[in-house]
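Heads up, the thing below is written out as structure tokens.
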Amino acid sequence: MEYPMKQKINLELFRFNIETDYLPYYAKLQIILKGQERLADILEFIAQNLNDFGYSAYGFKINGVAIWDFKVLGYDLFKKFGTTWRIEPLNPHLALKDLEIDTTHFIQKVRRLEQFGFSYESDFVLAFLPLAYATPLSIEDSEYLGEAFFLLALNLYDKTKNPQIIEYISQIDKGIFNAQSLQTYVFPQENIYDENLNALKALALEKHKSFSHKLLKRLLG
């Protein structure tokens with residue numbers, strides 16, 4: 001594969017240590033893409049040049065877009081994000097150390113599915129963490145169930161066909177009808193996420209139509 005000439009990238013890196021810092025700040029660093037560097041190589045370079053820099057194996061954001069594939073090529077990131085990358089944790093409100101975040105709230109939220117037969121497995125659940133904080137609503141509203149929760153709920157529903165799952169995710173103020181397109185907020189883009197969210201919306205709409213029809217028949221006698 002042929003690559004363009006060397007490309008300079010300006011990094012703005014979120015820094016915060018909950019044990020020592022009152023407010024976050026941004027460190028600046030330049031890297032030079034020479035050809036076959038992958039995101040993992042870039043992160044290693046950052047760690048070598050910024051004292052005690054922490055990042056999560058579950059991903060972070062570049063210019064507001066969630067990314068967790070550390071094998072992605074630096075040049076593909078350059079084509080997507082240009083020459084300035086603002087690198088931040090998935091949810092800055094939950095930052096523990098630089099790009100590392102507290103996963104407790106997400107895990108507690110997911111464990112609500114245990115009442116419907118969900119078997120919690122840490123590695124499987126945490127693989128959904130980047131999707132849990134990809135959209136603006138998932139950052140702004142801590143009570144919103146979130147796109148990652150909905151995808152896990154659909155996975156469980158496909159296995160159990162438990163209608164209570166659909167009822168639970170259909171809450172008006174924080175449920176599936178508020179879901180946002182993940183394709184806009186993740187890289188590389190994957191259509192399957194939005195396809196599954198739309199499928200879950202369709203299930204929820206069908207359930208609501210059925211309930212409304214039964215209620216109307218009851219009211220009309």
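Identifiers in this document derive from the order of the structure tokens: chains are assigned A, B, ..., residues are numbered from 1 separately in each chain, and ligands are numbered from 1 in order of occurrence.
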Counting only C-alpha atoms, which residues of segment 109-131 of chain A sit at most 7 Å from some atom of segment 40-59 of chain A, and what is each one's closest atom pair with its distance in Å to one decimal, listed by chain and rising residue number, as CSV?
residue,atom,partner,partner_atom,distance
A:Ala127,CA,A:Tyr58,CA,6.5
A:Leu129,CA,A:Tyr58,CA,6.6
A:Pro130,CA,A:Gly59,CA,6.1
Who sits within 10 Å of segment 63-67 of chain A, only C-alpha atoms, same chain under 4 positions skipped, as a ChimeraX atom specification:
/A:12,39,58-59,72,77,80-82,84-90,129-136,182-189
Residue nearest Tyr157 of chain A - candidates A:Leu126, A:Leu73, A:Ala179, A:Leu113, atoms counted: only C-alpha atoms:
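Ranked by minimum distance to Tyr157 of chain A, first place goes to A:Leu113.
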Under the rule that only C-alpha atoms are counted, which of A:Ile62, A:Leu156, A:Ile139, A:Ile107 is the nearest residue to Asn91 of chain A?
A:Ile139
Taking 5 positions as the minimum chain separation for residues in the same chain, which residues sit within 8 Å of Ile32 of chain A when counting only C-alpha atoms? Answer as a ChimeraX atom specification.
/A:6-9
In Å, how far is it from atom CA of Leu11 of chain A to atom CA of His105 of chain A?
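Atom CA of His105 of chain A lies 29.1 Å from atom CA of Leu11 of chain A.
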Report as a VMD selection string: the residues of chain A with a DSSP assignment of helix (DSSP H, G or I), based on the backbone of this structure.
chain A and resid 39 to 49 74 to 81 92 to 94 104 to 116 122 to 126 129 to 132 136 to 140 147 to 160 163 to 169 176 to 178 191 to 220
Name the residues of chain A that fall into strand (DSSP E or B) according to DSSP on the backbone, using the chain letters and numbers of this document, as a PyMOL selection string.
chain A and resi 7-15+17+25-33+38+60-62+65-67+73+84-88+95-97+100-101+186
Between atom CA of Gly175 of chain A and atom CA of Phe60 of chain A, distance in Å (one decimal):
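Going from atom CA of Gly175 of chain A over to atom CA of Phe60 of chain A covers 24.5 Å.
As for atom CA of Leu197 of chain A and atom CA of Thr104 of chain A, they are spaced 23.9 Å apart.
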Counting only C-alpha atoms, which residue out of A:Leu145, A:Ser138, A:Asn155, A:Ala95 sits closest to Phe124 of chain A?
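Smallest separation from Phe124 of chain A among the options: A:Asn155.
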Long-range neighbours of Tyr22 of chain A as a PyMOL selection string, 12 Å cut-off, only C-alpha atoms, 4 positions minimum in chain
chain A and resi 15-18+95-96
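Among the candidates A:Ser181, A:Leu137, A:Phe116, A:Phe149, the one nearest to Ile165 of chain A when counting only C-alpha atoms is A:Phe116.
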Find the residue from A:Ala153, A:Asp98, A:Phe78, A:Asn178 that sits nearest to Tyr26 of chain A; use only C-alpha atoms when measuring.
A:Asp98
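In this comparison, which uses only C-alpha atoms, the residue of A:Thr20, A:Leu200, A:Gly117, A:Phe106 approaching Ile166 of chain A most closely is A:Leu200.
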